[in-house]
$ cat model13.pdb   # PDB, C-alpha atoms
ATOM      1  CA  MET A 442      19.011 -29.549   3.986
ATOM      2  CA  GLN A 443      19.426 -30.010   7.688
ATOM      3  CA  ILE A 444      22.571 -29.238   9.579
ATOM      4  CA  LYS A 445      23.282 -29.065  13.275
ATOM      5  CA  ILE A 446      24.555 -25.728  14.558
ATOM      6  CA  ASN A 447      25.617 -25.443  18.179
ATOM      7  CA  GLY A 448      23.591 -28.463  19.149
ATOM      8  CA  LYS A 449      20.376 -27.457  17.352
ATOM      9  CA  MET A 450      19.047 -28.797  14.051
ATOM     10  CA  LYS A 451      18.532 -26.090  11.446
ATOM     11  CA  ASN A 452      16.622 -26.303   8.208
ATOM     12  CA  LEU A 453      18.255 -24.411   5.375
ATOM     13  CA  GLU A 454      16.540 -23.670   2.079
ATOM     14  CA  TYR A 455      19.667 -24.531   0.171
ATOM     15  CA  SER A 456      20.968 -27.729  -1.296
ATOM     16  CA  GLU A 457      24.463 -26.447  -0.809
ATOM     17  CA  ILE A 458      25.834 -23.371   0.880
ATOM     18  CA  SER A 459      29.276 -22.099   1.738
ATOM     19  CA  LEU A 460      30.241 -21.613   5.355
ATOM     20  CA  LYS A 461      30.871 -17.958   4.612
ATOM     21  CA  LYS A 462      27.346 -17.475   3.308
ATOM     22  CA  LEU A 463      25.830 -19.335   6.257
ATOM     23  CA  LEU A 464      27.666 -17.072   8.693
ATOM     24  CA  TYR A 465      26.392 -14.095   6.740
ATOM     25  CA  LEU A 466      22.815 -15.407   6.979
ATOM     26  CA  LEU A 467      23.319 -15.853  10.724
ATOM     27  CA  ASP A 468      24.417 -12.203  10.973
ATOM     28  CA  MET A 469      27.943 -13.191  11.868
ATOM     29  CA  GLY A 470      31.140 -12.077  10.286
ATOM     30  CA  ASP A 471      34.361 -13.938  10.757
ATOM     31  CA  LYS A 472      35.664 -11.754  13.589
ATOM     32  CA  GLY A 473      35.943 -13.085  17.103
ATOM     33  CA  ILE A 474      34.656 -16.534  16.272
ATOM     34  CA  ALA A 475      36.005 -19.972  15.537
ATOM     35  CA  VAL A 476      34.211 -22.685  13.621
ATOM     36  CA  GLU A 477      34.461 -26.421  13.950
ATOM     37  CA  LEU A 478      32.918 -28.553  11.191
ATOM     38  CA  ASN A 479      32.406 -32.216  12.096
ATOM     39  CA  GLY A 480      35.081 -31.892  14.754
ATOM     40  CA  GLU A 481      37.688 -30.155  12.599
ATOM     41  CA  ILE A 482      38.513 -26.478  12.854
ATOM     42  CA  ILE A 483      37.928 -24.519   9.655
ATOM     43  CA  ARG A 484      40.392 -21.686   9.195
ATOM     44  CA  LYS A 485      38.961 -18.274   8.345
ATOM     45  CA  ASP A 486      40.571 -18.258   4.919
ATOM     46  CA  SER A 487      38.660 -21.448   4.079
ATOM     47  CA  PHE A 488      35.192 -20.187   5.041
ATOM     48  CA  GLU A 489      34.349 -19.367   1.458
ATOM     49  CA  SER A 490      35.591 -22.612  -0.044
ATOM     50  CA  THR A 491      33.963 -24.794   2.614
ATOM     51  CA  ILE A 492      30.659 -26.122   1.285
ATOM     52  CA  LEU A 493      28.227 -27.473   3.855
ATOM     53  CA  LYS A 494      26.228 -30.607   3.211
ATOM     54  CA  GLU A 495      23.288 -32.461   4.727
ATOM     55  CA  GLY A 496      23.955 -33.724   8.236
ATOM     56  CA  ASP A 497      27.001 -31.546   8.906
ATOM     57  CA  VAL A 498      27.671 -30.620  12.508
ATOM     58  CA  LEU A 499      28.893 -27.098  13.191
ATOM     59  CA  GLU A 500      30.170 -25.517  16.351
ATOM     60  CA  ILE A 501      30.482 -21.744  16.269
ATOM     61  CA  VAL A 502      32.173 -20.327  19.360
ATOM     62  CA  HIS A 503      33.334 -16.987  20.692
ATOM     63  CA  ILE A 504      34.973 -15.512  23.751
ATOM     64  CA  VAL A 505      32.967 -14.909  26.916
ATOM     65  CA  GLY A 506      33.824 -13.982  30.476
ATOM     66  CA  GLY A 507      35.457 -16.704  32.520
ATOM     67  CA  GLY A 508      37.911 -17.392  35.288
TER      68      GLY A 508
ATOM     69  CA  MET B 979      68.174  -2.755  49.110
ATOM     70  CA  LYS B 980      67.354  -6.311  48.260
ATOM     71  CA  LYS B 981      64.795  -7.272  45.626
ATOM     72  CA  GLN B 982      63.271  -3.808  45.476
ATOM     73  CA  GLY B 983      63.804  -3.185  41.803
ATOM     74  CA  ASN B 984      62.911  -5.671  39.135
ATOM     75  CA  ASP B 985      60.686  -8.391  40.509
ATOM     76  CA  ASN B 986      58.949  -9.477  37.356
ATOM     77  CA  LEU B 987      57.191 -12.746  36.802
ATOM     78  CA  VAL B 988      58.457 -14.722  33.826
ATOM     79  CA  ILE B 989      56.468 -17.589  32.328
ATOM     80  CA  ALA B 990      57.595 -19.345  29.167
ATOM     81  CA  GLY B 991      59.816 -16.390  28.309
ATOM     82  CA  ARG B 992      57.076 -13.829  28.731
ATOM     83  CA  THR B 993      57.488 -11.135  31.376
ATOM     84  CA  PHE B 994      54.696  -9.806  33.573
ATOM     85  CA  LYS B 995      54.947  -6.947  36.049
ATOM     86  CA  SER B 996      51.753  -7.761  37.890
ATOM     87  CA  ARG B 997      51.422 -10.956  39.863
ATOM     88  CA  LEU B 998      47.657 -10.731  39.920
ATOM     89  CA  PHE B 999      45.797 -12.591  37.186
ATOM     90  CA  ILE B1000      42.170 -11.682  36.868
ATOM     91  CA  GLY B1001      39.132 -13.527  35.522
ATOM     92  CA  THR B1002      36.326 -11.935  33.531
ATOM     93  CA  GLY B1003      33.327 -14.023  34.613
ATOM     94  CA  LYS B1004      30.364 -13.048  36.786
ATOM     95  CA  TYR B1005      30.597  -9.245  36.447
ATOM     96  CA  SER B1006      27.256  -7.494  36.227
ATOM     97  CA  THR B1007      28.330  -5.539  33.132
ATOM     98  CA  PHE B1008      31.265  -5.508  30.721
ATOM     99  CA  GLN B1009      31.915  -1.919  31.777
ATOM    100  CA  GLN B1010      32.294  -2.959  35.412
ATOM    101  CA  MET B1011      34.600  -5.791  34.354
ATOM    102  CA  LYS B1012      36.707  -3.365  32.344
ATOM    103  CA  GLU B1013      37.068  -0.955  35.263
ATOM    104  CA  ALA B1014      37.868  -3.769  37.687
ATOM    105  CA  ILE B1015      40.625  -5.056  35.402
ATOM    106  CA  GLU B1016      42.111  -1.577  35.164
ATOM    107  CA  LEU B1017      42.047  -0.996  38.924
ATOM    108  CA  SER B1018      43.527  -4.416  39.667
ATOM    109  CA  GLY B1019      46.654  -3.592  37.696
ATOM    110  CA  ALA B1020      46.559  -7.118  36.249
ATOM    111  CA  GLU B1021      48.088  -7.900  32.873
ATOM    112  CA  VAL B1022      46.892 -11.456  32.471
ATOM    113  CA  VAL B1023      43.148 -11.689  31.958
ATOM    114  CA  THR B1024      41.377 -15.031  31.642
ATOM    115  CA  VAL B1025      38.435 -15.667  29.329
ATOM    116  CA  ALA B1026      36.291 -18.635  28.322
ATOM    117  CA  VAL B1027      35.159 -20.112  24.994
ATOM    118  CA  ARG B1028      31.467 -20.790  24.472
ATOM    119  CA  ARG B1029      28.955 -21.385  21.722
ATOM    120  CA  VAL B1030      27.618 -18.248  20.066
ATOM    121  CA  ASN B1031      23.969 -17.751  20.950
ATOM    122  CA  LEU B1032      22.274 -17.856  17.556
ATOM    123  CA  ASP B1033      19.053 -16.340  18.888
ATOM    124  CA  ARG B1034      20.710 -13.233  20.291
ATOM    125  CA  LYS B1035      22.240 -11.479  17.360
ATOM    126  CA  ASN B1036      24.477  -8.437  17.533
ATOM    127  CA  GLU B1037      25.296  -8.998  21.169
ATOM    128  CA  GLU B1038      28.097  -6.956  22.640
ATOM    129  CA  SER B1039      31.418  -8.740  22.675
ATOM    130  CA  LEU B1040      33.622  -8.971  25.711
ATOM    131  CA  LEU B1041      36.556  -8.359  23.390
ATOM    132  CA  ASP B1042      35.246  -4.838  22.721
ATOM    133  CA  TYR B1043      35.997  -4.039  26.351
ATOM    134  CA  ILE B1044      39.528  -5.375  26.625
ATOM    135  CA  ASP B1045      42.476  -3.654  25.009
ATOM    136  CA  THR B1046      44.402  -6.654  23.780
ATOM    137  CA  LYS B1047      47.517  -4.529  23.302
ATOM    138  CA  LYS B1048      47.542  -3.770  27.011
ATOM    139  CA  TYR B1049      46.272  -7.044  28.438
ATOM    140  CA  PHE B1050      47.339 -10.611  27.797
ATOM    141  CA  LEU B1051      44.271 -12.757  27.210
ATOM    142  CA  LEU B1052      44.527 -16.253  28.628
ATOM    143  CA  PRO B1053      41.713 -18.521  27.414
ATOM    144  CA  ASN B1054      40.588 -21.342  29.665
ATOM    145  CA  THR B1055      38.960 -24.697  29.044
ATOM    146  CA  ALA B1056      36.499 -24.301  31.916
ATOM    147  CA  GLY B1057      33.455 -26.525  31.724
ATOM    148  CA  CYS B1058      35.296 -29.348  29.971
ATOM    149  CA  TYR B1059      34.860 -32.724  31.621
ATOM    150  CA  THR B1060      37.023 -34.832  29.319
ATOM    151  CA  TRP B1061      40.525 -34.362  27.964
ATOM    152  CA  GLU B1062      39.133 -34.466  24.432
ATOM    153  CA  GLU B1063      36.761 -31.554  25.083
ATOM    154  CA  ALA B1064      39.554 -29.587  26.716
ATOM    155  CA  VAL B1065      41.866 -30.149  23.747
ATOM    156  CA  ARG B1066      39.141 -29.113  21.295
ATOM    157  CA  THR B1067      38.369 -26.000  23.320
ATOM    158  CA  ALA B1068      42.040 -25.045  23.487
ATOM    159  CA  ARG B1069      42.343 -25.368  19.708
ATOM    160  CA  LEU B1070      39.247 -23.207  19.211
ATOM    161  CA  SER B1071      40.571 -20.549  21.581
ATOM    162  CA  ARG B1072      43.841 -20.481  19.663
ATOM    163  CA  GLU B1073      41.877 -19.995  16.471
ATOM    164  CA  ILE B1074      39.951 -17.022  17.878
ATOM    165  CA  LEU B1075      42.665 -15.273  19.847
ATOM    166  CA  GLY B1076      45.765 -16.318  17.971
ATOM    167  CA  THR B1077      47.439 -17.365  21.219
ATOM    168  CA  ASN B1078      48.904 -20.751  21.945
ATOM    169  CA  TRP B1079      48.600 -20.162  25.700
ATOM    170  CA  VAL B1080      45.835 -21.933  27.553
ATOM    171  CA  LYS B1081      44.717 -22.241  31.147
ATOM    172  CA  LEU B1082      43.909 -25.907  31.034
ATOM    173  CA  GLU B1083      40.983 -27.167  33.066
ATOM    174  CA  VAL B1084      39.581 -30.670  32.986
ATOM    175  CA  ILE B1085      36.836 -30.809  35.566
ATOM    176  CA  GLY B1086      36.103 -34.024  37.417
ATOM    177  CA  ASN B1087      33.123 -33.177  39.592
ATOM    178  CA  GLU B1088      30.218 -30.810  39.009
ATOM    179  CA  LYS B1089      29.723 -29.886  42.616
ATOM    180  CA  THR B1090      33.297 -29.299  43.715
ATOM    181  CA  LEU B1091      34.795 -28.445  40.287
ATOM    182  CA  MET B1092      37.864 -30.350  41.391
ATOM    183  CA  PRO B1093      40.148 -31.203  38.474
ATOM    184  CA  ASP B1094      40.125 -34.640  36.882
ATOM    185  CA  THR B1095      43.844 -34.991  37.289
ATOM    186  CA  MET B1096      44.276 -37.950  34.965
ATOM    187  CA  GLY B1097      42.357 -36.186  32.219
ATOM    188  CA  LEU B1098      44.392 -33.065  32.944
ATOM    189  CA  LEU B1099      47.712 -34.842  32.445
ATOM    190  CA  LYS B1100      46.502 -36.426  29.215
ATOM    191  CA  ALA B1101      45.172 -33.120  27.814
ATOM    192  CA  ALA B1102      48.375 -31.337  28.832
ATOM    193  CA  GLU B1103      50.507 -33.917  27.037
ATOM    194  CA  VAL B1104      48.486 -33.664  23.840
ATOM    195  CA  LEU B1105      48.455 -29.855  23.832
ATOM    196  CA  ILE B1106      52.148 -29.490  24.650
ATOM    197  CA  LYS B1107      52.928 -31.757  21.685
ATOM    198  CA  GLU B1108      50.862 -29.392  19.546
ATOM    199  CA  GLY B1109      52.935 -26.436  20.700
ATOM    200  CA  PHE B1110      50.618 -25.017  23.340
ATOM    201  CA  VAL B1111      51.851 -23.201  26.436
ATOM    202  CA  VAL B1112      49.816 -25.069  29.016
ATOM    203  CA  LEU B1113      49.064 -23.585  32.429
ATOM    204  CA  PRO B1114      47.198 -26.350  34.253
ATOM    205  CA  TYR B1115      44.540 -25.794  36.921
ATOM    206  CA  THR B1116      45.425 -28.592  39.293
ATOM    207  CA  SER B1117      44.805 -29.901  42.784
ATOM    208  CA  ASP B1118      47.168 -28.918  45.610
ATOM    209  CA  ASP B1119      49.091 -32.171  45.164
ATOM    210  CA  HIS B1120      52.837 -31.702  44.757
ATOM    211  CA  VAL B1121      53.324 -35.083  43.067
ATOM    212  CA  LEU B1122      50.946 -34.131  40.313
ATOM    213  CA  ALA B1123      52.349 -30.593  40.093
ATOM    214  CA  LYS B1124      55.785 -32.126  39.546
ATOM    215  CA  LYS B1125      54.478 -34.443  36.822
ATOM    216  CA  LEU B1126      52.884 -31.473  35.051
ATOM    217  CA  GLU B1127      56.175 -29.612  35.274
ATOM    218  CA  GLU B1128      58.077 -32.627  33.931
ATOM    219  CA  ILE B1129      55.877 -33.014  30.870
ATOM    220  CA  GLY B1130      56.515 -29.373  29.986
ATOM    221  CA  CYS B1131      54.030 -27.083  31.714
ATOM    222  CA  PRO B1132      55.829 -23.741  32.238
ATOM    223  CA  ALA B1133      53.772 -23.002  35.389
ATOM    224  CA  VAL B1134      51.343 -24.856  37.615
ATOM    225  CA  MET B1135      48.086 -23.504  39.011
ATOM    226  CA  PRO B1136      47.046 -25.323  42.169
ATOM    227  CA  LEU B1137      43.720 -24.468  43.722
ATOM    228  CA  GLY B1138      43.607 -22.836  47.145
ATOM    229  CA  ALA B1139      40.013 -23.995  47.619
ATOM    230  CA  PRO B1140      37.173 -24.955  45.267
ATOM    231  CA  ILE B1141      36.463 -22.500  42.438
ATOM    232  CA  GLY B1142      34.210 -19.661  43.551
ATOM    233  CA  SER B1143      34.078 -20.914  47.145
ATOM    234  CA  GLY B1144      35.972 -18.007  48.684
ATOM    235  CA  LEU B1145      37.279 -20.354  51.383
ATOM    236  CA  GLY B1146      40.828 -19.047  51.150
ATOM    237  CA  ILE B1147      43.951 -21.196  51.162
ATOM    238  CA  ARG B1148      42.542 -24.357  52.770
ATOM    239  CA  ASN B1149      45.820 -26.193  52.954
ATOM    240  CA  PRO B1150      48.711 -23.747  53.087
ATOM    241  CA  TYR B1151      51.152 -26.571  53.822
ATOM    242  CA  ASN B1152      50.319 -28.309  50.548
ATOM    243  CA  ILE B1153      50.739 -25.050  48.641
ATOM    244  CA  LYS B1154      54.042 -24.430  50.424
ATOM    245  CA  ILE B1155      55.310 -27.895  49.474
ATOM    246  CA  ILE B1156      54.390 -27.285  45.826
ATOM    247  CA  VAL B1157      56.225 -23.949  45.953
ATOM    248  CA  GLU B1158      59.330 -25.544  47.442
ATOM    249  CA  MET B1159      59.399 -28.449  45.001
ATOM    250  CA  SER B1160      58.531 -26.607  41.798
ATOM    251  CA  ARG B1161      61.059 -25.185  39.405
ATOM    252  CA  VAL B1162      58.312 -23.404  37.492
ATOM    253  CA  PRO B1163      56.112 -20.544  38.728
ATOM    254  CA  VAL B1164      53.249 -21.521  41.022
ATOM    255  CA  ILE B1165      50.014 -19.590  40.592
ATOM    256  CA  VAL B1166      47.207 -20.105  43.072
ATOM    257  CA  ASP B1167      44.065 -20.487  41.011
ATOM    258  CA  ALA B1168      40.725 -20.514  42.804
ATOM    259  CA  GLY B1169      39.635 -20.189  46.391
ATOM    260  CA  VAL B1170      40.634 -16.635  47.268
ATOM    261  CA  GLY B1171      37.777 -14.908  49.104
ATOM    262  CA  THR B1172      39.265 -11.658  50.258
ATOM    263  CA  ALA B1173      42.487  -9.663  50.241
ATOM    264  CA  SER B1174      44.175 -11.490  53.126
ATOM    265  CA  ASP B1175      43.776 -14.812  51.273
ATOM    266  CA  ALA B1176      45.691 -13.386  48.319
ATOM    267  CA  SER B1177      48.405 -12.100  50.653
ATOM    268  CA  ILE B1178      48.699 -15.493  52.325
ATOM    269  CA  ALA B1179      49.162 -17.183  48.944
ATOM    270  CA  MET B1180      51.933 -14.747  48.077
ATOM    271  CA  GLU B1181      53.541 -15.001  51.533
ATOM    272  CA  LEU B1182      53.732 -18.758  51.027
ATOM    273  CA  GLY B1183      55.969 -18.004  48.054
ATOM    274  CA  CYS B1184      53.512 -18.399  45.221
ATOM    275  CA  ASP B1185      54.492 -16.469  42.124
ATOM    276  CA  ALA B1186      51.031 -15.157  41.312
ATOM    277  CA  VAL B1187      47.348 -15.459  42.177
ATOM    278  CA  LEU B1188      44.370 -15.757  39.841
ATOM    279  CA  ILE B1189      41.179 -14.184  41.152
ATOM    280  CA  ASN B1190      37.732 -13.924  39.619
ATOM    281  CA  THR B1191      34.720 -14.474  41.895
ATOM    282  CA  ALA B1192      36.164 -12.700  44.944
ATOM    283  CA  ILE B1193      36.311  -9.490  42.914
ATOM    284  CA  ALA B1194      33.333  -9.885  40.578
ATOM    285  CA  LEU B1195      30.871 -10.813  43.314
ATOM    286  CA  ALA B1196      32.169  -8.510  46.054
ATOM    287  CA  ARG B1197      29.633  -5.892  47.117
ATOM    288  CA  GLU B1198      31.939  -3.298  45.534
ATOM    289  CA  PRO B1199      33.898  -5.089  42.805
ATOM    290  CA  LEU B1200      36.007  -2.071  41.904
ATOM    291  CA  LEU B1201      37.109  -1.530  45.482
ATOM    292  CA  MET B1202      37.917  -5.220  45.841
ATOM    293  CA  ALA B1203      39.904  -5.158  42.597
ATOM    294  CA  GLU B1204      42.091  -2.474  44.104
ATOM    295  CA  ALA B1205      42.301  -4.308  47.429
ATOM    296  CA  MET B1206      43.521  -7.434  45.622
ATOM    297  CA  LYS B1207      46.169  -5.447  43.785
ATOM    298  CA  TYR B1208      47.642  -4.238  47.075
ATOM    299  CA  ALA B1209      47.166  -7.610  48.777
ATOM    300  CA  VAL B1210      49.186  -9.401  46.112
ATOM    301  CA  GLU B1211      51.902  -6.729  46.213
ATOM    302  CA  ALA B1212      52.000  -6.760  50.017
ATOM    303  CA  GLY B1213      52.137 -10.543  50.184
ATOM    304  CA  ARG B1214      54.917 -10.665  47.619
ATOM    305  CA  LYS B1215      57.013  -8.063  49.427
ATOM    306  CA  ALA B1216      56.454  -9.812  52.767
ATOM    307  CA  PHE B1217      57.598 -13.094  51.241
ATOM    308  CA  LEU B1218      60.749 -11.474  49.863
ATOM    309  CA  ALA B1219      61.371  -9.645  53.129
ATOM    310  CA  GLY B1220      61.000 -12.849  55.174
ATOM    311  CA  ARG B1221      58.688 -13.180  58.134
ATOM    312  CA  ILE B1222      60.139 -13.475  61.601
ATOM    313  CA  PRO B1223      60.004 -16.843  63.348
ATOM    314  CA  LYS B1224      56.967 -17.417  65.525
ATOM    315  CA  LYS B1225      57.772 -17.427  69.253
ATOM    316  CA  LEU B1226      55.737 -18.462  72.225
ATOM    317  CA  TYR B1227      56.822 -15.604  74.496
ATOM    318  CA  ALA B1228      57.082 -11.856  74.121
ATOM    319  CA  SER B1229      60.159  -9.975  73.019
ATOM    320  CA  ALA B1230      59.937  -6.275  73.881
ATOM    321  CA  SER B1231      60.130  -3.864  70.976
ATOM    322  CA  SER B1232      61.070  -0.890  73.149
ATOM    323  CA  PRO B1233      64.445  -0.760  74.940
ATOM    324  CA  ILE B1234      64.515  -2.407  78.337
ATOM    325  CA  ASP B1235      67.118   0.055  79.657
ATOM    326  CA  GLY B1236      66.177   3.553  80.799
ATOM    327  CA  VAL B1237      62.635   2.937  81.907
ATOM    328  CA  ILE B1238      61.800   5.578  84.526
ATOM    329  CA  GLY B1239      61.526   4.766  88.216
ATOM    330  CA  THR B1240      64.000   1.895  88.100
TER     331      THR B1240
END
$ encode --input "model13.pdb" --output "structure tokens"
Amino acid sequence: MQIKINGKMKNLEYSEISLKKLLYLLDMGDKGIAVELNGEIIRKDSFESTILKEGDVLEIVHIVGGG
Amino acid sequence: MKKQGNDNLVIAGRTFKSRLFIGTGKYSTFQQMKEAIELSGAEVVTVAVRRVNLDRKNEESLLDYIDTKKYFLLPNTAGCYTWEEAVRTARLSREILGTNWVKLEVIGNEKTLMPDTMGLLKAAEVLIKEGFVVLPYTSDDHVLAKKLEEIGCPAVMPLGAPIGSGLGIRNPYNIKIIVEMSRVPVIVDAGVGTASDASIAMELGCDAVLINTAIALAREPLLMAEAMKYAVEAGRKAFLAGRIPKKLYASASSPIDGVIGT
């Protein structure tokens, strides 16, 4: 399936995958990040139960330097 | 002695000893940023929220360099051009940092980075309703500053000059009017270029100054961090002490009587 992560289309060899597993595949834990799925924030305790589907739009953000 | 003891800054019930807020952008390394923060004596440290770069795994995190027990992280919504983006960014920052404080920016022009004041008001209203402590980056307009105060912002952050410009306090009279009319702390955000600019902001009666570029891009950032610490302290003390009135003619400092040969 295809999903959009941080503005880029990604092909995943899964028909369904949990958000937790996707983050694992991306080498990310759940520390220091926040995730928005189709415009709604997904709380950390829901990463495992959130199942991604075709066409989903994800934003994965973290903290960087700024003024 | 007057006002020599406790002169803390209080915003939304939270007490800060330092009146210098410091940004974390533009440093050449995280280590340099960390040392600059330490030398500045600041407690409030601003950060930004951005997409994780999926192609650069296992990057160092800025958060590894800031002791969050010692410093108060204030996320911003820099780079947001609509109130909706700013609100989303604030919610994401709350999710990451667990803070409901936000330095709210809604930018209206790419070249000047002047705030979109209508978008700012709208975003502030929405976020305050959601329980955020909103510190708005605003223009040096006292009417708008008052509106932001009235809708529940516990401080206002007027710009001294465009972000990163280092032009200093371009319109001290506007800043002074905001200071006189506000019942909430006034923090000059943006425009400071060197230590004297920070002192001027504090001498005008501002409650704090937020500085990023002037420190991070100084030839010696660590030295400038220290300079800013003293500049903010000096300006604050001078404000409390009260400057003398300006006079056109001289007034001798040494006694007139007893000069030899008279």
$ atom_distance --input "model13.pdb" --atom1 "CA of Leu460 in chain A" --atom2 "CA of Ser1039 in chain B"
21.6 Å
$ closest_residue --input "model13.pdb" --among "A:Asn479, A:Arg484, A:Gly473, A:Ser490" --to "Val505 in chain A" --atoms "all atoms listed in the file"
A:Gly473
$ closest_atom_pairs --input "model13.pdb" --of "chain B" --to "chain A" --cutoff "8 Å" --atoms "all atoms listed in the file" --output "JSON lines"
{"residue": "B:Ile1000", "atom": "CA", "partner": "A:Gly508", "partner_atom": "CA", "distance": 7.3}
{"residue": "B:Gly1001", "atom": "CA", "partner": "A:Gly508", "partner_atom": "CA", "distance": 4.1}
{"residue": "B:Thr1002", "atom": "CA", "partner": "A:Gly506", "partner_atom": "CA", "distance": 4.4}
{"residue": "B:Gly1003", "atom": "CA", "partner": "A:Gly507", "partner_atom": "CA", "distance": 4.0}
{"residue": "B:Lys1004", "atom": "CA", "partner": "A:Gly506", "partner_atom": "CA", "distance": 7.3}
{"residue": "B:Thr1024", "atom": "CA", "partner": "A:Gly508", "partner_atom": "CA", "distance": 5.6}
{"residue": "B:Val1025", "atom": "CA", "partner": "A:Gly507", "partner_atom": "CA", "distance": 4.5}
{"residue": "B:Ala1026", "atom": "CA", "partner": "A:Gly507", "partner_atom": "CA", "distance": 4.7}
{"residue": "B:Val1027", "atom": "CA", "partner": "A:Ile504", "partner_atom": "CA", "distance": 4.8}
{"residue": "B:Arg1028", "atom": "CA", "partner": "A:Val502", "partner_atom": "CA", "distance": 5.2}
{"residue": "B:Arg1029", "atom": "CA", "partner": "A:Val502", "partner_atom": "CA", "distance": 4.1}
{"residue": "B:Val1030", "atom": "CA", "partner": "A:Val502", "partner_atom": "CA", "distance": 5.1}
{"residue": "B:Leu1032", "atom": "CA", "partner": "A:Leu467", "partner_atom": "CA", "distance": 7.2}
{"residue": "B:Lys1035", "atom": "CA", "partner": "A:Asp468", "partner_atom": "CA", "distance": 6.8}
{"residue": "B:Asn1036", "atom": "CA", "partner": "A:Asp468", "partner_atom": "CA", "distance": 7.6}
{"residue": "B:Ser1039", "atom": "CA", "partner": "A:Val505", "partner_atom": "CA", "distance": 7.6}
{"residue": "B:Leu1040", "atom": "CA", "partner": "A:Val505", "partner_atom": "CA", "distance": 6.1}
{"residue": "B:Leu1041", "atom": "CA", "partner": "A:Ile504", "partner_atom": "CA", "distance": 7.3}
{"residue": "B:Asn1054", "atom": "CA", "partner": "A:Gly508", "partner_atom": "CA", "distance": 7.4}
{"residue": "B:Ala1056", "atom": "CA", "partner": "A:Gly507", "partner_atom": "CA", "distance": 7.7}
{"residue": "B:Arg1069", "atom": "CA", "partner": "A:Ile482", "partner_atom": "CA", "distance": 7.9}
{"residue": "B:Leu1070", "atom": "CA", "partner": "A:Ala475", "partner_atom": "CA", "distance": 5.9}
{"residue": "B:Ser1071", "atom": "CA", "partner": "A:Ala475", "partner_atom": "CA", "distance": 7.6}
{"residue": "B:Glu1073", "atom": "CA", "partner": "A:Ala475", "partner_atom": "CA", "distance": 5.9}
{"residue": "B:Ile1074", "atom": "CA", "partner": "A:Ala475", "partner_atom": "CA", "distance": 5.5}
{"residue": "B:Leu1075", "atom": "CA", "partner": "A:Gly473", "partner_atom": "CA", "distance": 7.6}
{"residue": "B:Ile1189", "atom": "CA", "partner": "A:Gly508", "partner_atom": "CA", "distance": 7.4}
{"residue": "B:Asn1190", "atom": "CA", "partner": "A:Gly508", "partner_atom": "CA", "distance": 5.6}
{"residue": "B:Thr1191", "atom": "CA", "partner": "A:Gly508", "partner_atom": "CA", "distance": 7.9}
$ write_last_selection --input "model13.pdb" --atoms "C-alpha atoms" --output "PDB file, in the frame of the given file"
ATOM      1  CA  ILE B1000      42.170 -11.682  36.868  1.00  0.00           C
ATOM      2  CA  GLY B1001      39.132 -13.527  35.522  1.00  0.00           C
ATOM      3  CA  THR B1002      36.326 -11.935  33.531  1.00  0.00           C
ATOM      4  CA  GLY B1003      33.327 -14.023  34.613  1.00  0.00           C
ATOM      5  CA  LYS B1004      30.364 -13.048  36.786  1.00  0.00           C
ATOM      6  CA  THR B1024      41.377 -15.031  31.642  1.00  0.00           C
ATOM      7  CA  VAL B1025      38.435 -15.667  29.329  1.00  0.00           C
ATOM      8  CA  ALA B1026      36.291 -18.635  28.322  1.00  0.00           C
ATOM      9  CA  VAL B1027      35.159 -20.112  24.994  1.00  0.00           C
ATOM     10  CA  ARG B1028      31.467 -20.790  24.472  1.00  0.00           C
ATOM     11  CA  ARG B1029      28.955 -21.385  21.722  1.00  0.00           C
ATOM     12  CA  VAL B1030      27.618 -18.248  20.066  1.00  0.00           C
ATOM     13  CA  LEU B1032      22.274 -17.856  17.556  1.00  0.00           C
ATOM     14  CA  LYS B1035      22.240 -11.479  17.360  1.00  0.00           C
ATOM     15  CA  ASN B1036      24.477  -8.437  17.533  1.00  0.00           C
ATOM     16  CA  SER B1039      31.418  -8.740  22.675  1.00  0.00           C
ATOM     17  CA  LEU B1040      33.622  -8.971  25.711  1.00  0.00           C
ATOM     18  CA  LEU B1041      36.556  -8.359  23.390  1.00  0.00           C
ATOM     19  CA  ASN B1054      40.588 -21.342  29.665  1.00  0.00           C
ATOM     20  CA  ALA B1056      36.499 -24.301  31.916  1.00  0.00           C
ATOM     21  CA  ARG B1069      42.343 -25.368  19.708  1.00  0.00           C
ATOM     22  CA  LEU B1070      39.247 -23.207  19.211  1.00  0.00           C
ATOM     23  CA  SER B1071      40.571 -20.549  21.581  1.00  0.00           C
ATOM     24  CA  GLU B1073      41.877 -19.995  16.471  1.00  0.00           C
ATOM     25  CA  ILE B1074      39.951 -17.022  17.878  1.00  0.00           C
ATOM     26  CA  LEU B1075      42.665 -15.273  19.847  1.00  0.00           C
ATOM     27  CA  ILE B1189      41.179 -14.184  41.152  1.00  0.00           C
ATOM     28  CA  ASN B1190      37.732 -13.924  39.619  1.00  0.00           C
ATOM     29  CA  THR B1191      34.720 -14.474  41.895  1.00  0.00           C
TER      30      THR B1191
END
$ resolve_selection --input "model13.pdb" --expression "the PyMOL selection byres ((chain B and resi 1085) around 10)" --output "number ranges by chain"
B: 1055-1061, 1064, 1082-1084, 1086-1088, 1090-1095, 1097-1098, 1115-1116
$ resolve_selection --input "model13.pdb" --expression "the PyMOL selection byres ((chain A and resi 492) around 9)" --output "PyMOL selection string"
chain A and resi 457-461+488-491+493-494
$ resolve_selection --input "model13.pdb" --expression "the PyMOL selection byres ((chain A and resi 453) around 7)" --output "list of chain:residue names"
A:Met442, A:Gln443, A:Lys451, A:Asn452, A:Glu454, A:Tyr455
$ atom_distance --input "model13.pdb" --atom1 "CA of Pro1053 in chain B" --atom2 "CA of Arg1066 in chain B"
12.5 Å
$ residues_around --input "model13.pdb" --residues "Ile1015 in chain B" --least-positions-apart "4" --cutoff "9 Å" --atoms "all atoms listed in the file" --output "ChimeraX atom specification"
/B:1000-1002,1010-1011,1019-1021,1023,1044,1200,1203
